[in-house]
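Have a look at the structure below before the remarks.
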Amino acid sequence: MSQAARNPHQHQTKKNREAGSNGDRKRKQFGGLLFLLIILATLFLMMWAIIHWMKGDDRLPLSKLVVMGERHFTTDDDIRHAILALGSPGSFMKQDVNVFQQQIERLPWIKQVSVRKQWPDELKIHLVEYVPIARWNDFYLLDNEGKIFSVPLTRLGNRAPMLLYGPEGTEHDLLKGYRAINPILASNNFRLKMAQMSARHSWQLVLDNDVRLELGRNDHIERLQRFIELYPLLEKQPDNNKKLNYIDLRYDTGVAVGWSSILSNHPDSHQQQIQAKQP
């Protein structure tokens, strides 16, 4: 006869103890899980209450403004006025920085803006401005990529002395031509003051000594080289009372030269036609 058969009461008692132990373990696990859920719920409610409190307009207001980046045209007042145009800046937690970014990007000379908040009350703004290389049709500016933008002329100073003129939509053609022409002139000690292209794509240049060059529609580089070769001869003209006014290079085998009197300062008071083939 087995031990279990001889002691049935003892065997049943053991099984009851094991069942009771498992039940206690499950109750403890359930109690621990319930306690954890209570703690998490309490923390969530506390965080929700804190965030709700912080979102109040009178809590943690954005009161400091830091503007970074290389600036030539943008003032602190420009940024401040752009932000205040949206109304009260609001609280740190409530305000959307994307709204500020879109508002500042409306300034016509701003190329790029990034805005971020820094705890607890600071707004940091990083600006990138367009860099002008020329004035376009007097009232606008061009950057290196041909982008047209505007800046109050009182802030421009002498940052874009080069003048470009042309019909609407020709800014990229003018910029391309300028990049081809200007290095040739600069390497020969000439400084370009103005370049203009007509509706028929005829080019006219003005140097910083106010001499006007008519290049026409074609063969701009070849005609420019002809001017460079001819100019030293024109400078040696014996009449000191005359000033070189313009050179028309639109001829196949020569040029037309216009002189003005230094005393009268009337353009085209004398014109000399040179039709001899250039060497």
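Identifiers for the structure tokens are assigned positionally: chains receive A, B, ... in sequence, residues are indexed from 1 per chain, and ligands are indexed from 1 in the order shown.
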Practice problem: Compile the contact shell of A:Ile125 as a ChimeraX atom specification: residues with an atom at most 10 Å away, counting only C-alpha atoms, same-chain residues fewer than 3 positions apart removed. | Solution: /A:65-69,79,97,100-101,104,113-117,122
Quiz item: Counting only C-alpha atoms, what is within 6 Å of stretch 143-150 of chain A, bar same-chain residues fewer than 6 positions away, as number ranges by chain?
Solution: A: 108-109, 131-133, 172
Excluding same-chain residues fewer than 4 positions from A:Phe190, what lies within 9 Å of it counting only C-alpha atoms, as a PDB file with all heavy atoms, in the first residue's frame?
ATOM      1  N   ASN A 182      31.310  90.885 -67.141  1.00  0.00           N
ATOM      2  CA  ASN A 182      32.003  91.615 -66.078  1.00  0.00           C
ATOM      3  C   ASN A 182      33.443  91.140 -65.851  1.00  0.00           C
ATOM      4  O   ASN A 182      34.342  91.974 -65.674  1.00  0.00           O
ATOM      5  CB  ASN A 182      31.196  91.525 -64.782  1.00  0.00           C
ATOM      6  CG  ASN A 182      31.686  92.482 -63.731  1.00  0.00           C
ATOM      7  OD1 ASN A 182      31.781  93.687 -63.971  1.00  0.00           O
ATOM      8  ND2 ASN A 182      32.001  91.973 -62.561  1.00  0.00           N
ATOM      9  N   ILE A 184      35.569  89.995 -67.953  1.00  0.00           N
ATOM     10  CA  ILE A 184      36.417  90.485 -69.052  1.00  0.00           C
ATOM     11  C   ILE A 184      36.757  91.949 -68.836  1.00  0.00           C
ATOM     12  O   ILE A 184      37.914  92.373 -68.992  1.00  0.00           O
ATOM     13  CB  ILE A 184      35.696  90.285 -70.402  1.00  0.00           C
ATOM     14  CG1 ILE A 184      35.484  88.791 -70.664  1.00  0.00           C
ATOM     15  CG2 ILE A 184      36.482  90.930 -71.540  1.00  0.00           C
ATOM     16  CD1 ILE A 184      34.651  88.501 -71.891  1.00  0.00           C
ATOM     17  N   LEU A 185      35.765  92.742 -68.469  1.00  0.00           N
ATOM     18  CA  LEU A 185      36.014  94.161 -68.208  1.00  0.00           C
ATOM     19  C   LEU A 185      36.924  94.341 -66.999  1.00  0.00           C
ATOM     20  O   LEU A 185      37.876  95.141 -67.030  1.00  0.00           O
ATOM     21  CB  LEU A 185      34.691  94.888 -67.985  1.00  0.00           C
ATOM     22  CG  LEU A 185      33.793  95.055 -69.216  1.00  0.00           C
ATOM     23  CD1 LEU A 185      32.428  95.595 -68.809  1.00  0.00           C
ATOM     24  CD2 LEU A 185      34.441  95.989 -70.236  1.00  0.00           C
ATOM     25  N   ALA A 186      36.635  93.597 -65.915  1.00  0.00           N
ATOM     26  CA  ALA A 186      37.423  93.750 -64.692  1.00  0.00           C
ATOM     27  C   ALA A 186      38.883  93.387 -64.904  1.00  0.00           C
ATOM     28  O   ALA A 186      39.780  94.034 -64.354  1.00  0.00           O
ATOM     29  CB  ALA A 186      36.810  92.903 -63.578  1.00  0.00           C
ATOM     30  N   LEU A 207      30.026 102.168 -68.283  1.00  0.00           N
ATOM     31  CA  LEU A 207      31.159 101.968 -67.379  1.00  0.00           C
ATOM     32  C   LEU A 207      31.130 103.011 -66.278  1.00  0.00           C
ATOM     33  O   LEU A 207      30.356 103.986 -66.330  1.00  0.00           O
ATOM     34  CB  LEU A 207      32.466 102.062 -68.167  1.00  0.00           C
ATOM     35  CG  LEU A 207      32.586 101.124 -69.374  1.00  0.00           C
ATOM     36  CD1 LEU A 207      33.935 101.312 -70.047  1.00  0.00           C
ATOM     37  CD2 LEU A 207      32.388  99.667 -68.954  1.00  0.00           C
ATOM     38  N   ASP A 208      31.980 102.828 -65.283  1.00  0.00           N
ATOM     39  CA  ASP A 208      31.963 103.768 -64.161  1.00  0.00           C
ATOM     40  C   ASP A 208      32.481 105.149 -64.537  1.00  0.00           C
ATOM     41  O   ASP A 208      32.296 106.107 -63.776  1.00  0.00           O
ATOM     42  CB  ASP A 208      32.753 103.207 -62.978  1.00  0.00           C
ATOM     43  CG  ASP A 208      34.225 103.030 -63.285  1.00  0.00           C
ATOM     44  OD1 ASP A 208      34.600 103.031 -64.477  1.00  0.00           O
ATOM     45  OD2 ASP A 208      35.010 102.863 -62.335  1.00  0.00           O
ATOM     46  N   ASN A 209      33.111 105.284 -65.714  1.00  0.00           N
ATOM     47  CA  ASN A 209      33.505 106.614 -66.203  1.00  0.00           C
ATOM     48  C   ASN A 209      32.439 107.211 -67.125  1.00  0.00           C
ATOM     49  O   ASN A 209      32.688 108.186 -67.833  1.00  0.00           O
ATOM     50  CB  ASN A 209      34.852 106.551 -66.928  1.00  0.00           C
ATOM     51  CG  ASN A 209      34.815 105.606 -68.124  1.00  0.00           C
ATOM     52  OD1 ASN A 209      33.768 105.027 -68.451  1.00  0.00           O
ATOM     53  ND2 ASN A 209      35.954 105.429 -68.779  1.00  0.00           N
TER      54      ASN A 209
END
Exercise. Have a look at A:Glu214, A:Glu235, A:Glu105, A:Asp77 and name the one nearest to A:Val255; count only C-alpha atoms.
Key: A:Glu214
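Taking atom CA of A:Glu129 and atom CA of A:Leu84 as the two end points, the separation is 21.0 Å.
Of the residues listed (A:Asp210, A:Asp248, A:Asp96, A:Asp76), A:Asp248 shows the shortest atom-to-atom separation from A:Arg226; distances use only C-alpha atoms.
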Quiz item: What residues in stretch 72-240 of chain A get the DSSP label strand (DSSP E)? Please answer as number ranges by chain.
Solution: A: 110-118, 122-129, 132-136, 140-143, 148-149, 163-165, 192-197, 203-207, 212-216
Quiz prompt | For A:Gly177: contacts at 10 Å, only C-alpha atoms, fewer than 4 positions along chain excluded, given as an NGL selection string | solution = :A and (171-173 or 181-182 or 195 or 197 or 203 or 220-221)
Using the selection just defined, write its residues with C-alpha atoms as a PDB file, in the first residue's frame.
ATOM      1  CA  GLU A 171      16.481  88.809 -65.094  1.00  0.00           C
ATOM      2  CA  HIS A 172      18.131  85.392 -65.512  1.00  0.00           C
ATOM      3  CA  ASP A 173      19.355  86.263 -69.033  1.00  0.00           C
ATOM      4  CA  ILE A 181      30.898  90.296 -69.450  1.00  0.00           C
ATOM      5  CA  ASN A 182      32.003  91.615 -66.078  1.00  0.00           C
ATOM      6  CA  ALA A 195      23.861  96.828 -68.000  1.00  0.00           C
ATOM      7  CA  MET A 197      18.792  94.745 -72.248  1.00  0.00           C
ATOM      8  CA  TRP A 203      22.621  95.091 -74.878  1.00  0.00           C
ATOM      9  CA  HIS A 220      28.769  90.441 -77.252  1.00  0.00           C
ATOM     10  CA  ILE A 221      32.124  89.027 -76.180  1.00  0.00           C
TER      11      ILE A 221
END
Exercise. Would you list, as a ChimeraX atom specification, the residues of stretch 56-170 of chain A that end up in helix (DSSP H, G or I) under DSSP run on this structure's backbone?
Key: /A:76-84,97-104,153-156
Export of prior selection with N, CA, C and O atoms as a short mmCIF file (atom, residue, chain, number, x, y, z; two decimals), in the first residue's frame:
data_model
loop_
_atom_site.label_atom_id
_atom_site.label_comp_id
_atom_site.auth_asym_id
_atom_site.auth_seq_id
_atom_site.Cartn_x
_atom_site.Cartn_y
_atom_site.Cartn_z
N ASP A 76 15.86 94.65 -35.15
CA ASP A 76 15.09 93.99 -34.10
C ASP A 76 13.64 94.45 -34.13
O ASP A 76 12.72 93.67 -33.86
N ASP A 77 13.42 95.72 -34.48
CA ASP A 77 12.06 96.24 -34.55
C ASP A 77 11.25 95.55 -35.65
O ASP A 77 10.04 95.34 -35.50
N ASP A 78 11.91 95.20 -36.77
CA ASP A 78 11.21 94.47 -37.83
C ASP A 78 10.63 93.16 -37.30
O ASP A 78 9.48 92.82 -37.57
N ILE A 79 11.45 92.43 -36.55
CA ILE A 79 11.01 91.15 -36.00
C ILE A 79 9.94 91.36 -34.94
O ILE A 79 8.92 90.65 -34.92
N ARG A 80 10.16 92.33 -34.09
CA ARG A 80 9.20 92.60 -33.01
C ARG A 80 7.84 92.99 -33.58
O ARG A 80 6.80 92.48 -33.14
N HIS A 81 7.84 93.86 -34.56
CA HIS A 81 6.58 94.30 -35.16
C HIS A 81 5.88 93.15 -35.89
O HIS A 81 4.64 93.04 -35.86
N ALA A 82 6.66 92.30 -36.55
CA ALA A 82 6.07 91.15 -37.26
C ALA A 82 5.37 90.21 -36.27
O ALA A 82 4.28 89.70 -36.55
N ILE A 83 5.99 89.99 -35.12
CA ILE A 83 5.41 89.10 -34.12
C ILE A 83 4.19 89.73 -33.46
O ILE A 83 3.14 89.08 -33.30
N LEU A 84 4.31 91.00 -33.08
CA LEU A 84 3.20 91.67 -32.40
C LEU A 84 2.00 91.87 -33.32
O LEU A 84 0.88 92.04 -32.84
N VAL A 97 5.41 77.88 -32.95
CA VAL A 97 6.51 78.63 -33.57
C VAL A 97 6.37 78.71 -35.08
O VAL A 97 6.94 79.60 -35.72
N ASN A 98 5.64 77.79 -35.69
CA ASN A 98 5.46 77.82 -37.15
C ASN A 98 4.70 79.08 -37.58
O ASN A 98 4.93 79.60 -38.68
N VAL A 99 3.82 79.56 -36.72
CA VAL A 99 3.08 80.79 -37.03
C VAL A 99 4.04 81.97 -37.07
O VAL A 99 3.98 82.82 -37.97
N PHE A 100 4.96 82.03 -36.11
CA PHE A 100 5.97 83.09 -36.10
C PHE A 100 6.84 83.01 -37.36
O PHE A 100 7.16 84.03 -37.98
N GLN A 101 7.25 81.81 -37.70
CA GLN A 101 8.13 81.62 -38.86
C GLN A 101 7.46 82.12 -40.14
O GLN A 101 8.07 82.86 -40.92
N GLN A 102 6.22 81.76 -40.36
CA GLN A 102 5.50 82.19 -41.55
C GLN A 102 5.34 83.70 -41.59
O GLN A 102 5.42 84.32 -42.66
N GLN A 103 5.13 84.30 -40.43
CA GLN A 103 4.95 85.75 -40.37
C GLN A 103 6.24 86.49 -40.71
O GLN A 103 6.24 87.46 -41.47
N ILE A 104 7.37 86.03 -40.17
CA ILE A 104 8.65 86.69 -40.42
C ILE A 104 9.08 86.50 -41.87
O ILE A 104 9.70 87.39 -42.47
N LEU A 153 15.22 101.26 -49.64
CA LEU A 153 16.45 101.79 -50.24
C LEU A 153 17.32 102.51 -49.22
O LEU A 153 18.53 102.59 -49.37
N THR A 154 16.70 103.03 -48.15
CA THR A 154 17.48 103.71 -47.12
C THR A 154 18.42 102.76 -46.39
O THR A 154 19.39 103.19 -45.77
N ARG A 155 18.13 101.47 -46.45
CA ARG A 155 18.98 100.48 -45.78
C ARG A 155 20.01 99.87 -46.72
O ARG A 155 20.88 99.12 -46.28
N LEU A 156 19.89 100.14 -47.99
CA LEU A 156 20.74 99.47 -48.97
C LEU A 156 22.16 99.98 -48.95
O LEU A 156 23.12 99.21 -49.05
#
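Using only C-alpha atoms, the residues found no farther than 12 Å from A:Leu234, other than those of its own chain fewer than 4 positions away, are Val211, Phe227, Ile228, Glu229, Leu230, Pro238, Asp239, Asn240, Lys242, Lys243, Leu244, Asn245, Tyr246, Ile247, Val255, Ala256, Val257, Gly258, Trp259, Gln272 and Ile274 of chain A.
Each of A:Asn158, A:Ser63, A:Leu213, A:Gln237 was compared to A:Gln225 using only C-alpha atoms, and A:Leu213 turns out to be the nearest.
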